[in-house]
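Before any comments, here is the structure.
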Amino acid sequence: MFKSAPAFAKFERDLFDDVIPTIEARYSVQADREHRGLAGLSMGGGQSLNFGLTHLDVFAWVGAFSSAPNTLPPAQLVPDPAVAAQKLKLLWLSCGKKDGLIGISQGVHGYLKEKNVPHIWHVDSNAHDTPEWRAALYHFSQRVFR
(Lines give C-alpha, C1' and ligand atoms only; values in the text may rest on other atoms or scores of the structure.)
Protein backbone atom coordinates (compact mmCIF):
# COMPACT_ATOMS: atom_id res chain seq x y z
CA MET A 1 0.00 0.00 0.00
CA PHE A 2 2.80 2.43 0.81
CA LYS A 3 4.14 2.04 -2.72
CA SER A 4 0.98 3.93 -3.69
CA ALA A 5 1.77 6.91 -1.42
CA PRO A 6 2.86 9.17 -4.32
CA ALA A 7 -0.54 8.54 -5.95
CA PHE A 8 -2.30 9.74 -2.77
CA ALA A 9 -0.39 13.03 -2.95
CA LYS A 10 -1.22 13.35 -6.64
CA PHE A 11 -4.91 12.82 -5.92
CA GLU A 12 -4.77 15.50 -3.24
CA ARG A 13 -3.48 17.97 -5.84
CA ASP A 14 -6.13 16.77 -8.33
CA LEU A 15 -8.82 17.37 -5.71
CA PHE A 16 -7.71 20.92 -4.92
CA ASP A 17 -6.49 21.98 -8.36
CA ASP A 18 -9.07 20.30 -10.60
CA VAL A 19 -12.06 18.62 -8.91
CA ILE A 20 -13.16 21.42 -6.54
CA PRO A 21 -12.63 24.23 -9.10
CA THR A 22 -14.53 22.24 -11.76
CA ILE A 23 -17.48 21.63 -9.45
CA GLU A 24 -17.56 25.28 -8.44
CA ALA A 25 -17.37 26.42 -12.08
CA ARG A 26 -20.09 24.09 -13.39
CA TYR A 27 -22.61 23.94 -10.55
CA SER A 28 -24.42 26.45 -8.41
CA VAL A 29 -22.69 25.84 -5.11
CA GLN A 30 -21.64 27.98 -2.19
CA ALA A 31 -17.88 27.93 -2.58
CA ASP A 32 -16.65 28.31 0.98
CA ARG A 33 -15.50 25.97 3.74
CA GLU A 34 -18.78 26.30 5.64
CA HIS A 35 -20.56 24.70 2.68
CA ARG A 36 -17.91 22.18 1.64
CA GLY A 37 -17.58 18.60 2.85
CA LEU A 38 -15.58 15.51 2.05
CA ALA A 39 -16.49 11.89 2.78
CA GLY A 40 -15.36 8.49 1.61
CA LEU A 41 -15.19 4.81 2.41
CA SER A 42 -12.28 2.47 2.90
CA MET A 43 -9.28 4.04 1.11
CA GLY A 44 -11.53 7.04 0.42
CA GLY A 45 -12.29 7.24 4.14
CA GLY A 46 -8.60 7.52 4.87
CA GLN A 47 -8.20 10.13 2.16
CA SER A 48 -11.19 12.08 3.48
CA LEU A 49 -9.59 12.25 6.92
CA ASN A 50 -6.15 13.01 5.48
CA PHE A 51 -7.33 15.79 3.18
CA GLY A 52 -10.29 17.09 5.17
CA LEU A 53 -8.67 17.33 8.58
CA THR A 54 -5.40 18.76 7.30
CA HIS A 55 -7.26 21.41 5.27
CA LEU A 56 -9.73 22.87 7.75
CA ASP A 57 -9.48 26.10 5.78
CA VAL A 58 -11.26 24.24 2.93
CA PHE A 59 -13.62 21.74 4.62
CA ALA A 60 -15.99 22.05 7.59
CA TRP A 61 -17.71 18.67 7.16
CA VAL A 62 -15.73 15.40 7.10
CA GLY A 63 -16.97 11.82 7.03
CA ALA A 64 -14.96 8.60 7.05
CA PHE A 65 -16.43 5.12 6.67
CA SER A 66 -14.25 2.06 7.43
CA SER A 67 -10.99 3.99 6.98
CA ALA A 68 -8.12 2.04 5.43
CA PRO A 69 -4.39 1.90 6.36
CA ASN A 70 -3.66 4.97 4.21
CA THR A 71 -5.04 7.08 7.11
CA LEU A 72 -2.41 9.33 8.67
CA PRO A 73 -1.64 8.90 12.38
CA PRO A 74 -4.21 10.80 14.49
CA ALA A 75 -1.71 13.38 15.78
CA GLN A 76 -0.87 14.27 12.17
CA LEU A 77 -4.54 14.48 11.22
CA VAL A 78 -5.37 16.80 14.10
CA PRO A 79 -2.18 18.52 15.28
CA ASP A 80 -4.16 21.32 16.97
CA PRO A 81 -7.28 19.81 18.58
CA ALA A 82 -8.61 23.19 19.72
CA VAL A 83 -8.61 24.53 16.15
CA ALA A 84 -10.27 21.36 14.85
CA ALA A 85 -12.93 21.54 17.57
CA GLN A 86 -13.66 25.14 16.66
CA LYS A 87 -13.67 24.76 12.85
CA LEU A 88 -15.40 21.42 12.23
CA LYS A 89 -19.17 21.45 11.78
CA LEU A 90 -19.25 17.63 11.66
CA LEU A 91 -16.64 14.94 11.95
CA TRP A 92 -18.11 11.49 11.38
CA LEU A 93 -16.26 8.20 11.90
CA SER A 94 -17.88 4.84 11.39
CA CYS A 95 -16.83 1.22 11.11
CA GLY A 96 -18.36 -2.19 11.65
CA LYS A 97 -17.30 -4.34 14.62
CA LYS A 98 -16.46 -7.21 12.24
CA ASP A 99 -14.33 -5.01 9.96
CA GLY A 100 -10.66 -6.03 10.01
CA LEU A 101 -9.80 -2.32 9.69
CA ILE A 102 -11.69 -1.18 12.80
CA GLY A 103 -8.43 -0.56 14.68
CA ILE A 104 -7.63 2.37 12.39
CA SER A 105 -10.93 4.12 13.06
CA GLN A 106 -10.73 3.24 16.77
CA GLY A 107 -7.31 4.86 16.95
CA VAL A 108 -8.62 8.08 15.41
CA HIS A 109 -11.70 8.00 17.64
CA GLY A 110 -9.61 7.44 20.78
CA TYR A 111 -7.33 10.37 19.95
CA LEU A 112 -10.26 12.68 19.19
CA LYS A 113 -11.99 11.67 22.43
CA GLU A 114 -8.81 12.19 24.47
CA LYS A 115 -8.28 15.62 22.90
CA ASN A 116 -11.95 16.66 23.25
CA VAL A 117 -12.55 17.08 19.53
CA PRO A 118 -16.31 16.73 18.92
CA HIS A 119 -17.13 13.91 16.54
CA ILE A 120 -19.63 11.14 16.00
CA TRP A 121 -18.37 7.58 16.40
CA HIS A 122 -20.78 5.12 14.82
CA VAL A 123 -20.15 1.38 15.22
CA ASP A 124 -22.50 -1.39 14.24
CA SER A 125 -22.23 -5.17 13.93
CA ASN A 126 -21.29 -5.26 10.23
CA ALA A 127 -17.98 -5.84 8.45
CA HIS A 128 -16.15 -4.07 5.60
CA ASP A 129 -19.27 -4.36 3.49
CA THR A 130 -22.26 -2.72 1.86
CA PRO A 131 -24.64 -3.09 4.85
CA GLU A 132 -22.15 -1.15 7.02
CA TRP A 133 -21.68 1.62 4.49
CA ARG A 134 -25.38 1.89 3.63
CA ALA A 135 -26.35 2.36 7.28
CA ALA A 136 -23.47 4.73 8.04
CA LEU A 137 -24.15 6.84 4.94
CA TYR A 138 -27.82 7.09 5.88
CA HIS A 139 -26.97 8.34 9.38
CA PHE A 140 -24.21 10.66 8.14
CA SER A 141 -26.48 12.19 5.50
CA GLN A 142 -29.00 13.10 8.20
CA ARG A 143 -26.41 15.37 9.86
CA VAL A 144 -24.25 16.81 7.09
CA PHE A 145 -24.90 20.43 6.03
CA ARG A 146 -27.41 21.01 8.86
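Letters A, B, ... mark the chains of the C-alpha coordinates in the order given; residue numbers begin at 1 per chain; ligand numbers begin at 1, in order shown.
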
Contacts of region 34-37 of chain A within 12 Å, only C-alpha atoms, excl. fewer than 4 positions in-chain, as a PyMOL selection string: chain A and resi 20+23-24+28-30+48-49+51-53+55-64+87-92+140-141+143-146

Which of region 50-120 of chain A end up as strand (DSSP E or B) when DSSP is run on this backbone - answer as number ranges by chain? A: 61-65, 90-96, 120

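Closest to Pro6 (chain A) among A:Asp18, A:Gly103, A:Asn70, A:Tyr27 is A:Asn70, based on only C-alpha atoms.
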
As an exercise, work out the distance from CA of Thr54 (chain A) to CA of Phe11 (chain A) in Å and give it to one decimal place. 14.5 Å

Helix (DSSP H, G or I) per DSSP on the backbone: members of region 37-127 of chain A, as a PyMOL selection string: chain A and resi 43-53+74-77+81-87+102-114
